[in-house]
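See below for protein-v2.txt, which holds compact mmCIF, C-alpha atoms (C1' of nucleotides).
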# COMPACT_ATOMS: atom_id res chain seq x y z
CA MET E 9 90.45 128.92 95.60
CA ALA E 10 90.12 132.28 93.92
CA PRO E 11 93.18 133.80 92.26
CA PRO E 12 95.28 135.33 95.03
CA PHE E 13 98.21 133.70 93.22
CA PRO E 14 98.82 133.03 89.58
CA ALA E 15 97.52 129.67 88.45
CA ARG E 16 100.80 127.84 88.50
CA ALA E 17 101.56 128.76 92.09
CA ARG E 18 98.07 127.78 93.17
CA ILE E 19 98.47 124.37 91.56
CA LEU E 20 101.81 123.77 93.24
CA LEU E 21 100.53 124.85 96.63
CA THR E 22 97.48 122.63 96.35
CA ALA E 23 99.51 119.68 95.15
CA HIS E 24 101.87 120.17 98.05
CA GLU E 25 99.05 120.05 100.54
CA LEU E 26 97.29 117.06 99.00
CA PHE E 27 100.35 115.00 98.12
CA TYR E 28 101.80 115.45 101.57
CA ARG E 29 98.57 114.82 103.40
CA ASP E 30 97.00 112.01 101.40
CA GLY E 31 99.92 110.57 99.45
CA ILE E 32 100.79 110.88 95.80
CA ARG E 33 99.02 107.92 94.28
CA ALA E 34 95.97 108.56 96.39
CA THR E 35 95.67 112.06 94.98
CA GLY E 36 94.18 112.27 91.51
CA ILE E 37 94.98 115.05 89.11
CA ASP E 38 91.30 115.92 89.00
CA ARG E 39 91.41 116.56 92.71
CA VAL E 40 94.37 118.89 92.43
CA ILE E 41 92.64 120.70 89.58
CA ALA E 42 89.35 121.09 91.38
CA GLU E 43 90.95 122.16 94.65
CA SER E 44 93.23 124.73 93.08
CA GLY E 45 90.31 126.21 91.18
CA VAL E 46 91.99 125.98 87.82
CA ALA E 47 90.86 124.61 84.49
CA LYS E 48 92.12 121.29 83.30
CA LEU E 49 93.72 122.75 80.24
CA THR E 50 95.49 125.35 82.35
CA PHE E 51 96.88 122.62 84.50
CA TYR E 52 98.23 120.67 81.57
CA ARG E 53 99.72 123.79 80.08
CA HIS E 54 101.90 124.21 83.15
CA PHE E 55 102.56 120.56 83.95
CA PRO E 56 102.67 118.21 80.96
CA SER E 57 102.01 115.18 83.16
CA LYS E 58 101.39 114.14 86.71
CA ASN E 59 104.96 112.91 87.00
CA GLU E 60 106.15 116.38 86.16
CA LEU E 61 103.98 117.75 88.92
CA VAL E 62 105.39 115.20 91.34
CA ARG E 63 108.93 116.27 90.52
CA GLU E 64 108.10 119.92 90.97
CA PHE E 65 106.29 119.12 94.18
CA LEU E 66 109.40 117.49 95.59
CA GLU E 67 111.65 120.35 94.52
CA TYR E 68 109.28 122.84 96.05
CA ARG E 69 109.00 120.81 99.22
CA HIS E 70 112.75 120.62 99.45
CA ARG E 71 113.23 124.38 99.23
CA ARG E 72 110.42 125.04 101.65
CA TRP E 73 111.41 122.47 104.24
CA MET E 74 115.09 123.38 104.18
CA ALA E 75 114.27 127.05 104.65
CA TRP E 76 112.16 126.20 107.65
CA PHE E 77 114.78 123.83 109.04
CA VAL E 78 117.77 126.15 108.99
CA ASP E 79 115.63 128.94 110.34
CA ALA E 80 114.31 126.81 113.20
CA LEU E 81 117.81 125.61 114.08
CA GLN E 82 118.99 129.20 114.27
CA ARG E 83 116.03 130.28 116.35
CA HIS E 84 116.80 127.53 118.83
CA GLY E 85 120.40 128.49 119.34
CA GLY E 86 122.27 127.38 116.25
CA ASN E 87 124.16 124.58 117.96
CA SER E 88 123.43 120.88 118.16
CA LYS E 89 121.13 121.39 121.14
CA ALA E 90 118.74 123.12 118.74
CA LEU E 91 118.00 119.90 116.90
CA VAL E 92 115.38 118.47 119.23
CA PRO E 93 113.37 121.64 119.90
CA ALA E 94 113.38 122.44 116.18
CA LEU E 95 112.03 119.02 115.29
CA ALA E 96 109.54 119.27 118.14
CA GLU E 97 107.98 122.22 116.31
CA TRP E 98 107.49 120.11 113.24
CA PHE E 99 106.33 116.91 114.92
CA GLY E 100 103.91 118.85 117.10
CA ASN E 101 102.21 120.41 114.11
CA GLY E 102 98.84 118.77 113.63
CA ASP E 103 99.48 118.31 109.93
CA TYR E 104 102.62 116.29 110.55
CA ARG E 105 102.75 113.24 108.30
CA GLY E 106 106.42 112.36 108.32
CA CYS E 107 109.02 113.18 105.72
CA ALA E 108 107.60 113.81 102.26
CA PHE E 109 110.70 112.29 100.69
CA ILE E 110 110.77 109.12 102.73
CA ASN E 111 107.07 108.72 102.04
CA SER E 112 107.53 109.25 98.32
CA VAL E 113 110.35 106.75 98.11
CA GLY E 114 108.24 104.21 99.96
CA GLU E 115 105.26 104.87 97.75
CA LEU E 116 106.88 105.20 94.34
CA GLY E 117 110.16 103.36 94.75
CA GLU E 118 111.76 102.87 91.39
CA THR E 119 108.70 103.76 89.33
CA LEU E 120 109.85 107.37 89.25
CA PRO E 121 113.62 107.20 89.48
CA GLU E 122 114.09 110.92 90.06
CA VAL E 123 112.42 110.50 93.42
CA MET E 124 115.39 108.55 94.72
CA GLU E 125 117.83 111.09 93.43
CA ILE E 126 115.96 114.11 94.83
CA THR E 127 115.65 112.33 98.15
CA ARG E 128 119.37 111.69 98.34
CA ARG E 129 120.02 115.34 97.64
CA HIS E 130 117.49 116.35 100.23
CA LYS E 131 118.99 114.17 102.92
CA GLN E 132 122.48 115.30 102.05
CA ASP E 133 121.42 118.91 102.48
CA MET E 134 119.75 118.04 105.76
CA ALA E 135 122.94 116.39 106.98
CA ASP E 136 124.94 119.42 105.89
CA ALA E 137 122.64 121.72 107.83
CA ILE E 138 123.14 119.53 110.88
CA GLY E 139 126.89 119.58 110.33
CA LYS E 140 126.85 123.36 110.56
CA LEU E 141 125.68 123.04 114.15
CA LEU E 142 128.74 121.07 115.17
CA PRO E 143 132.12 122.41 116.22
CA ALA E 144 134.74 122.01 113.53
CA SER E 145 136.67 118.80 113.97
CA ARG E 146 137.98 115.94 111.97
CA GLN E 147 134.90 113.92 112.79
CA ARG E 148 132.30 116.56 112.07
CA LYS E 149 131.07 115.11 108.79
CA ARG E 150 130.76 111.70 110.30
CA GLN E 151 128.94 113.00 113.34
CA ALA E 152 126.55 114.91 111.08
CA MET E 153 125.80 111.74 109.12
CA ASP E 154 125.16 109.78 112.28
CA LEU E 155 122.91 112.48 113.67
CA ALA E 156 121.05 112.74 110.39
CA LEU E 157 120.38 109.02 110.49
CA ALA E 158 119.02 109.34 114.00
CA VAL E 159 116.87 112.26 112.88
CA ASP E 160 115.38 110.08 110.16
CA GLY E 161 114.63 107.50 112.79
CA ALA E 162 112.88 110.10 114.89
CA ILE E 163 110.93 111.35 111.89
CA VAL E 164 109.43 107.96 111.17
CA ARG E 165 108.77 107.12 114.82
CA ALA E 166 106.95 110.39 115.31
CA GLN E 167 104.84 109.53 112.29
CA PHE E 168 103.14 106.51 113.79
CA ASP E 169 103.62 106.91 117.54
CA GLU E 170 100.70 108.50 119.38
CA SER E 171 102.97 111.22 120.63
CA PRO E 172 106.36 112.45 119.43
CA GLU E 173 107.78 112.71 122.95
CA ALA E 174 109.47 109.33 123.00
CA ALA E 175 111.09 109.83 119.62
CA LEU E 176 112.40 113.23 120.66
CA ALA E 177 113.74 111.88 123.93
CA SER E 178 115.56 109.07 122.13
CA LEU E 179 117.02 111.48 119.65
CA GLU E 180 118.26 113.73 122.40
CA ARG E 181 119.94 110.84 124.20
CA ILE E 182 121.60 109.76 120.97
CA ARG E 183 122.77 113.29 120.31
CA LYS E 184 124.29 113.64 123.76
CA SER E 185 125.86 110.26 123.52
CA LEU E 186 127.40 110.87 120.10
CA LEU E 187 128.73 114.30 120.93
CA GLY E 188 130.00 113.23 124.32
CA SER E 189 127.73 115.95 125.73
CA GLY E 190 130.78 118.17 126.13
CA ARG E 191 133.92 116.20 125.56
CA SER E 192 134.09 113.54 128.24
CA ALA E 193 133.89 109.79 128.28
CA PRO E 194 131.01 107.40 127.66
CA PRO E 195 128.70 106.07 130.42
CA PRO E 196 130.79 105.01 133.43
CA ALA E 197 131.00 101.32 134.20
CA VAL E 198 129.26 101.87 137.49
CA ARG E 199 125.91 103.30 136.68
CA PRO E 200 124.88 106.30 138.70
CA MET E 201 122.36 105.29 141.33
CA ARG E 202 119.64 107.67 140.43
CA SER E 203 118.95 109.85 137.49
CA MET R 5 101.68 79.72 89.77
CA ALA R 6 100.38 76.19 89.82
CA PRO R 7 98.95 74.82 93.05
CA PRO R 8 101.92 73.80 95.22
CA PHE R 9 100.02 75.56 98.04
CA PRO R 10 96.34 75.90 98.76
CA ALA R 11 94.79 78.93 97.12
CA ARG R 12 94.75 81.12 100.19
CA ALA R 13 98.43 80.69 100.89
CA ARG R 14 99.29 81.38 97.28
CA ILE R 15 97.31 84.60 97.35
CA LEU R 16 99.01 85.77 100.52
CA LEU R 17 102.46 84.93 99.23
CA THR R 18 101.82 86.74 95.98
CA ALA R 19 100.36 89.76 97.72
CA HIS R 20 103.36 89.87 100.00
CA GLU R 21 105.73 89.94 97.09
CA LEU R 22 103.81 92.52 95.07
CA PHE R 23 102.79 94.81 97.91
CA TYR R 24 106.31 94.90 99.27
CA ARG R 25 107.96 95.37 95.91
CA ASP R 26 105.60 97.75 94.13
CA GLY R 27 103.59 99.28 96.93
CA ILE R 28 100.02 98.65 98.00
CA ARG R 29 98.11 101.20 95.96
CA ALA R 30 100.21 100.46 92.91
CA THR R 31 99.20 96.81 93.06
CA GLY R 32 95.73 96.05 91.74
CA ILE R 33 93.69 93.12 92.95
CA ASP R 34 93.57 91.82 89.41
CA ARG R 35 97.33 91.63 89.42
CA VAL R 36 97.41 89.63 92.63
CA ILE R 37 94.73 87.33 91.25
CA ALA R 38 96.46 86.75 87.95
CA GLU R 39 99.88 86.26 89.51
CA SER R 40 98.70 83.82 92.14
CA GLY R 41 96.87 81.78 89.47
CA VAL R 42 93.56 81.83 91.26
CA ALA R 43 90.04 82.69 90.14
CA LYS R 44 88.55 86.00 91.09
CA LEU R 45 85.73 84.41 92.97
CA THR R 46 88.17 82.29 94.92
CA PHE R 47 90.05 85.38 95.90
CA TYR R 48 86.95 87.15 97.13
CA ARG R 49 85.87 84.10 99.04
CA HIS R 50 89.05 84.25 101.10
CA PHE R 51 89.44 88.02 101.32
CA PRO R 52 86.21 90.01 101.29
CA SER R 53 88.01 93.16 100.21
CA LYS R 54 91.39 94.51 99.32
CA ASN R 55 91.64 96.16 102.72
CA GLU R 56 91.25 92.78 104.32
CA LEU R 57 94.10 91.49 102.21
CA VAL R 58 96.22 94.44 103.23
CA ARG R 59 95.63 93.69 106.90
CA GLU R 60 96.49 90.05 106.45
CA PHE R 61 99.53 90.98 104.43
CA LEU R 62 100.82 93.11 107.28
CA GLU R 63 100.15 90.42 109.88
CA TYR R 64 101.90 87.87 107.73
CA ARG R 65 104.80 90.18 107.10
CA HIS R 66 105.11 90.83 110.80
CA ARG R 67 105.35 87.14 111.69
CA ARG R 68 107.74 86.44 108.89
CA TRP R 69 110.03 89.37 109.47
CA MET R 70 110.19 88.89 113.24
CA ALA R 71 111.05 85.24 112.80
CA TRP R 72 113.88 86.18 110.49
CA PHE R 73 115.06 88.97 112.77
CA VAL R 74 115.35 87.01 116.00
CA ASP R 75 116.97 84.16 114.14
CA ALA R 76 119.51 86.42 112.47
CA LEU R 77 120.34 88.09 115.77
CA GLN R 78 120.98 84.71 117.33
CA ARG R 79 123.08 83.53 114.43
CA HIS R 80 125.25 86.61 114.79
CA GLY R 81 125.95 86.12 118.45
CA GLY R 82 122.82 87.11 120.31
CA ASN R 83 124.23 90.28 121.80
CA SER R 84 123.99 93.87 120.65
CA LYS R 85 126.95 93.44 118.32
CA ALA R 86 124.71 91.18 116.24
CA LEU R 87 122.49 94.08 115.22
CA VAL R 88 124.57 95.44 112.37
CA PRO R 89 125.54 92.16 110.69
CA ALA R 90 121.95 90.97 110.95
CA LEU R 91 120.63 94.08 109.27
CA ALA R 92 123.43 93.88 106.71
CA GLU R 93 121.91 90.58 105.57
CA TRP R 94 118.61 92.26 104.97
CA PHE R 95 119.86 95.47 103.39
CA GLY R 96 122.16 93.54 101.11
CA ASN R 97 119.36 91.46 99.73
CA GLY R 98 118.59 92.63 96.21
CA ASP R 99 114.87 92.76 96.94
CA TYR R 100 115.34 95.16 99.82
CA ARG R 101 112.77 97.93 99.68
CA GLY R 102 112.79 99.24 103.25
CA CYS R 103 110.37 98.44 106.02
CA ALA R 104 106.96 97.28 104.82
CA PHE R 105 105.32 98.95 107.79
CA ILE R 106 106.99 102.32 107.44
CA ASN R 107 106.16 102.21 103.74
CA SER R 108 102.53 101.33 104.40
CA VAL R 109 102.11 104.10 106.94
CA GLY R 110 103.59 106.56 104.50
CA GLU R 111 101.40 105.34 101.70
CA LEU R 112 98.09 104.81 103.47
CA GLY R 113 98.38 107.05 106.52
CA GLU R 114 95.03 107.35 108.19
CA THR R 115 93.01 105.89 105.34
CA LEU R 116 93.36 102.45 106.87
CA PRO R 117 93.67 103.07 110.60
CA GLU R 118 94.71 99.52 111.45
CA VAL R 119 97.94 100.12 109.60
CA MET R 120 99.09 102.50 112.29
CA GLU R 121 98.19 100.13 115.04
CA ILE R 122 99.85 97.11 113.46
CA THR R 123 102.94 99.20 112.81
CA ARG R 124 103.16 100.27 116.44
CA ARG R 125 102.91 96.65 117.52
CA HIS R 126 105.54 95.66 115.00
CA LYS R 127 107.98 98.30 116.13
CA GLN R 128 107.35 97.48 119.75
CA ASP R 129 108.16 93.84 119.08
CA MET R 130 111.26 94.87 117.20
CA ALA R 131 112.39 97.00 120.14
CA ASP R 132 111.70 94.10 122.52
CA ALA R 133 113.83 91.80 120.41
CA ILE R 134 116.61 94.36 120.53
CA GLY R 135 116.17 94.67 124.27
CA LYS R 136 116.83 90.96 124.65
CA LEU R 137 120.34 91.54 123.30
CA LEU R 138 121.23 93.94 126.09
CA PRO R 139 122.51 93.12 129.55
CA ALA R 140 119.84 93.49 132.21
CA SER R 141 119.94 96.92 133.75
CA ARG R 142 117.65 99.68 134.79
CA GLN R 143 118.13 101.41 131.47
CA ARG R 144 117.70 98.45 129.23
CA LYS R 145 114.25 99.38 127.99
CA ARG R 146 115.37 102.88 127.22
CA GLN R 147 118.48 101.72 125.45
CA ALA R 148 116.38 99.33 123.40
CA MET R 149 114.06 102.16 122.37
CA ASP R 150 116.95 104.36 121.38
CA LEU R 151 118.58 101.60 119.41
CA ALA R 152 115.29 100.77 117.72
CA LEU R 153 114.95 104.37 116.63
CA ALA R 154 118.43 104.30 115.17
CA VAL R 155 117.60 101.04 113.42
CA ASP R 156 114.61 102.73 111.81
CA GLY R 157 116.90 105.48 110.68
CA ALA R 158 119.25 102.95 109.14
CA ILE R 159 116.35 101.16 107.47
CA VAL R 160 115.20 104.25 105.62
CA ARG R 161 118.72 105.41 104.74
CA ALA R 162 119.52 102.02 103.29
CA GLN R 163 116.37 102.30 101.21
CA PHE R 164 117.47 105.24 99.12
CA ASP R 165 121.25 105.32 99.46
CA GLU R 166 123.17 103.62 96.68
CA SER R 167 124.79 101.33 99.19
CA PRO R 168 123.82 100.38 102.74
CA GLU R 169 127.40 100.67 104.05
CA ALA R 170 127.12 104.21 105.34
CA ALA R 171 123.86 103.52 107.13
CA LEU R 172 125.30 100.43 108.77
CA ALA R 173 128.45 102.27 109.83
CA SER R 174 126.39 105.07 111.38
CA LEU R 175 124.24 102.57 113.19
CA GLU R 176 127.27 100.80 114.57
CA ARG R 177 128.76 104.04 115.85
CA ILE R 178 125.48 104.94 117.51
CA ARG R 179 125.27 101.52 119.07
CA LYS R 180 128.76 101.71 120.49
CA SER R 181 128.20 105.21 121.68
CA LEU R 182 124.93 104.39 123.43
CA LEU R 183 126.21 101.23 125.06
CA GLY R 184 129.60 102.62 125.95
CA SER R 185 131.08 100.01 123.61
CA GLY R 186 131.95 97.80 126.57
CA ARG R 187 134.03 100.07 128.69
CA SER R 188 136.54 101.99 126.60
CA ALA R 189 137.02 105.49 125.24
CA PRO R 190 135.27 107.63 122.65
CA PRO R 191 135.77 107.32 118.87
CA PRO R 192 139.15 105.76 118.21
CA ALA R 193 141.34 107.48 115.65
CA VAL R 194 141.44 104.37 113.47
CA ARG R 195 138.08 103.24 112.24
CA PRO R 196 137.17 99.78 113.48
CA MET R 197 134.74 99.18 110.58
CA ARG R 198 136.14 97.16 107.73
CA SER R 199 134.89 98.05 104.26
C1' DT C 7 90.05 148.45 66.98
C1' DA C 8 92.31 144.01 66.43
C1' DC C 9 94.37 140.41 68.37
C1' DA C 10 97.41 137.44 71.21
C1' DG C 11 97.94 135.32 75.70
C1' DG C 12 96.21 133.23 79.34
C1' DG C 13 92.36 131.89 81.46
C1' DT C 14 87.49 128.95 82.10
C1' DA C 15 84.09 124.98 81.60
C1' DG C 16 83.45 120.61 80.62
C1' DA C 17 82.84 116.58 77.23
C1' DC C 18 85.35 112.68 75.89
C1' DA C 19 88.54 108.50 75.17
C1' DG C 20 90.71 104.72 76.98
C1' DA C 21 92.72 102.44 80.72
C1' DT C 22 92.37 100.44 85.16
C1' DC C 23 90.40 99.49 89.57
C1' DT C 24 87.21 97.09 92.97
C1' DG C 25 83.74 94.07 93.57
C1' DT C 26 79.59 91.01 91.79
C1' DC C 27 77.70 87.45 89.30
C1' DT C 28 76.75 83.30 86.22
C1' DA C 29 77.96 78.80 84.85
C1' DC C 30 80.66 74.90 85.30
C1' DA C 31 84.30 71.18 87.09
C1' DA C 32 86.73 68.26 90.44
C1' DT C 33 86.99 66.17 94.86
C1' DG C 34 85.79 64.11 99.32
C1' DC C 35 82.68 62.19 102.24
C1' DA C 36 77.99 60.33 104.18
C1' DT X 29 74.74 57.61 95.02
C1' DG X 30 74.01 62.49 96.47
C1' DC X 31 75.75 66.65 97.89
C1' DA X 32 78.69 70.18 99.95
C1' DT X 33 83.07 72.33 99.37
C1' DT X 34 86.38 74.40 96.86
C1' DG X 35 87.99 75.47 92.84
C1' DT X 36 88.01 77.62 87.52
C1' DA X 37 86.93 81.08 83.65
C1' DG X 38 85.44 85.25 82.56
C1' DA X 39 81.64 88.80 81.64
C1' DC X 40 79.95 92.82 83.76
C1' DA X 41 78.88 97.25 86.47
C1' DG X 42 80.34 101.43 88.11
C1' DA X 43 83.83 104.36 89.69
C1' DT X 44 88.02 106.77 88.91
C1' DC X 45 92.24 107.97 86.67
C1' DT X 46 95.22 110.42 83.10
C1' DG X 47 95.36 113.09 79.29
C1' DT X 48 93.12 115.42 74.92
C1' DC X 49 90.16 118.44 72.81
C1' DT X 50 86.54 121.99 71.57
C1' DA X 51 84.57 126.30 72.41
C1' DC X 52 84.33 130.40 74.74
C1' DC X 53 85.89 134.67 77.65
C1' DC X 54 88.62 138.48 79.48
C1' DT X 55 92.32 141.80 79.42
C1' DG X 56 96.34 144.43 77.94
C1' DT X 57 98.65 146.44 74.31
C1' DA X 58 99.96 147.70 69.33

Whole structure given in structure tokens:
Amino acid sequence: MAPPFPARARILLTAHELFYRDGIRATGIDRVIAESGVAKLTFYRHFPSKNELVREFLEYRHRRWMAWFVDALQRHGGNSKALVPALAEWFGNGDYRGCAFINSVGELGETLPEVMEITRRHKQDMADAIGKLLPASRQRKRQAMDLALAVDGAIVRAQFDESPEAALASLERIRKSLLGSGRSAPPPAVRPMRS
Amino acid sequence: MAPPFPARARILLTAHELFYRDGIRATGIDRVIAESGVAKLTFYRHFPSKNELVREFLEYRHRRWMAWFVDALQRHGGNSKALVPALAEWFGNGDYRGCAFINSVGELGETLPEVMEITRRHKQDMADAIGKLLPASRQRKRQAMDLALAVDGAIVRAQFDESPEAALASLERIRKSLLGSGRSAPPPAVRPMRS
DNA sequence: TACAGGGTAGACAGATCTGTCTACAATGCA
DNA sequence: TGCATTGTAGACAGATCTGTCTACCCTGTA
């Protein structure tokens, strides 16, 4: 990687790619250094330790993912119906490897306590973005939380299922069910004969 | 660990504890060997490589977790209402660190392809167990899938939230919403969930 | 011109990781 | 008795990981 960006940005970009794709522990500092075309000393001048790089990676990922997410939701209509098509964009991307935060928590757990805290912030912001899609009501916050939980479920299913279709379909049914798909009542006692 | 079990069982038990608690890559073979009180050669006689141990760990975890899960569901009534109290048992356990399979997929991804396959089987079996709680109907399979996805969402939320309460409450609302909560109306004004 | 700032290349230390190997001990069974 | 099986202790090889350090180079500005 020649210098189209200043060294620090190149390092962060490379770390983002490798950490997300291969995992954090599986990615050695040497690899990040080689791949970002930077000298070892330069790396350590910007990031005193690997842990520091991990933290910055997560912060960067958070900003980047959130920006994409709110944009995608807007592009798909800006209401709760946008959720599934927006996520379909992400899941369908060949590089999809699940949620970087969920993965990091699973991988690092308590060894790097900030990971937990950043993840909570991230998921709170995600839930807030989902809340903005919902009509104002007393239950909006709660509905956003419930939807966010279902989104997390879809994220992990799409990570190991062969195709993301099933996860997206489930999420859409949950969404409709939670939001009453308008305002009406739950599934009638007598099930409709055909779909 | 003195020999209350034959060497192989001790190794597997130790690996289960360490892999689940600290992660797979974070746990060196030497650690497993020392902690299970076995000689290195003995270890390698039973498990030709660490990857082999990882596979066996996942198979063992699958059997163990499924046995607990179906038992807990029965103990809590054997219908879909059992889901939340059963999971509450798990989440409330101090050693709770999320789903071993989701964590492994996040950590190892494609580096150990069997992980994906075992995880799919595991989640399929989990969905089947959930399906058994539901009344027979044309949509039972679909409902089980949707519920399973929500359960995965709750599993990951409970992993990084300070307390599992919120995740369990969301899951319960999703469950009621998907299953029509028997026959009655949408979200009651007074929350049915006790603290 | 002088020099500081930011960069490069790469050797090195020390830890840790997987996997192999030697040498020996206890036990059960033919 | 003889011998296979299963175990123990621990040295060792070779790779890889994080982090430090030396020595040099290029460029902009005072």

How far is it from CA of Ala76 (chain R) to CA of Tyr24 (chain R), in Å with one decimal?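 We find that CA of Ala76 (chain R) and CA of Tyr24 (chain R) lie 20.5 Å from each other.
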
Distance limit 12 Å, atoms considered: only C-alpha atoms (C1' of nucleotides). Which chain C residues sit that close to chain R? Return them as a compact mmCIF listing (two decimals) with C-alpha atoms (C1' of nucleotides), in the frame of the given file.
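File iface-v2.txt, as written:
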# COMPACT_ATOMS: atom_id res chain seq x y z
C1' DT C 22 92.37 100.44 85.16
C1' DC C 23 90.40 99.49 89.57
C1' DT C 24 87.21 97.09 92.97
C1' DG C 25 83.74 94.07 93.57
C1' DT C 26 79.59 91.01 91.79
C1' DC C 27 77.70 87.45 89.30
C1' DT C 28 76.75 83.30 86.22

Non-local contacts of DA36 (chain C) (12 Å; all atoms listed in the file; under 4 positions in same chain excluded) as a list in words: DT29, DG30, DC31 and DA32 of chain X

Quick one: 6 Å padding each side, axis-aligned, all listed atoms of region 133-150 of chain R - centre and edge lengths in Å to one decimal, as lines of an AutoDock Vina configuration file?
center_x = 118.2
center_y = 97.7
center_z = 127.6
size_x = 20.7
size_y = 25.4
size_z = 26.4

Looking at all atoms listed in the file, which of R:Asp129, R:Val74, R:Arg144, R:Gly27 is the one that sits closest to chain E?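 With all atoms listed in the file as the atom set, the closest residue is R:Gly27.
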
Chain X residues within 12 Å of chain E, counting all atoms listed in the file: which ones, as a VMD selection string? chain X and resid 44 to 50

For region 76-94 of chain R of the block above, can you save N, CA and C atoms as a CSV table (one decimal), in the first residue's frame?
chain,number,residue,atom,x,y,z
R,76,ALA,N,-34.6,-28.1,30.8
R,76,ALA,CA,-35.1,-26.8,31.4
R,76,ALA,C,-36.4,-26.5,30.9
R,77,LEU,N,-36.6,-26.6,29.6
R,77,LEU,CA,-37.9,-26.3,29.0
R,77,LEU,C,-39.0,-27.2,29.6
R,78,GLN,N,-38.7,-28.4,29.8
R,78,GLN,CA,-39.7,-29.3,30.4
R,78,GLN,C,-40.0,-28.9,31.8
R,79,ARG,N,-38.9,-28.6,32.6
R,79,ARG,CA,-39.1,-28.2,34.0
R,79,ARG,C,-40.0,-27.0,34.1
R,80,HIS,N,-39.9,-26.1,33.1
R,80,HIS,CA,-40.7,-24.9,33.1
R,80,HIS,C,-42.0,-25.0,32.4
R,81,GLY,N,-42.5,-26.1,32.2
R,81,GLY,CA,-43.8,-26.3,31.7
R,81,GLY,C,-44.0,-26.9,30.3
R,82,GLY,N,-42.9,-26.9,29.5
R,82,GLY,CA,-42.9,-27.6,28.3
R,82,GLY,C,-43.7,-26.9,27.2
R,83,ASN,N,-44.2,-25.7,27.4
R,83,ASN,CA,-44.8,-25.0,26.3
R,83,ASN,C,-44.0,-23.7,26.1
R,84,SER,N,-44.4,-22.9,25.1
R,84,SER,CA,-43.5,-21.8,24.7
R,84,SER,C,-43.3,-20.8,25.9
R,85,LYS,N,-44.2,-20.8,26.8
R,85,LYS,CA,-43.9,-19.9,28.0
R,85,LYS,C,-42.7,-20.3,28.8
R,86,ALA,N,-42.2,-21.5,28.6
R,86,ALA,CA,-41.0,-22.0,29.3
R,86,ALA,C,-39.7,-21.3,28.8
R,87,LEU,N,-39.8,-20.8,27.6
R,87,LEU,CA,-38.6,-20.3,26.9
R,87,LEU,C,-37.8,-19.3,27.8
R,88,VAL,N,-38.5,-18.3,28.2
R,88,VAL,CA,-37.8,-17.2,29.0
R,88,VAL,C,-37.3,-17.6,30.3
R,89,PRO,N,-38.1,-18.3,31.1
R,89,PRO,CA,-37.5,-18.7,32.4
R,89,PRO,C,-36.4,-19.7,32.2
R,90,ALA,N,-36.4,-20.6,31.2
R,90,ALA,CA,-35.3,-21.5,31.0
R,90,ALA,C,-34.1,-20.7,30.7
R,91,LEU,N,-34.2,-19.8,29.7
R,91,LEU,CA,-33.0,-19.0,29.4
R,91,LEU,C,-32.5,-18.1,30.6
R,92,ALA,N,-33.5,-17.7,31.4
R,92,ALA,CA,-33.1,-16.9,32.6
R,92,ALA,C,-32.1,-17.7,33.4
R,93,GLU,N,-32.4,-19.0,33.6
R,93,GLU,CA,-31.4,-19.8,34.3
R,93,GLU,C,-30.0,-19.7,33.8
R,94,TRP,N,-29.9,-19.8,32.5
R,94,TRP,CA,-28.6,-19.8,31.9
R,94,TRP,C,-28.0,-18.4,32.0
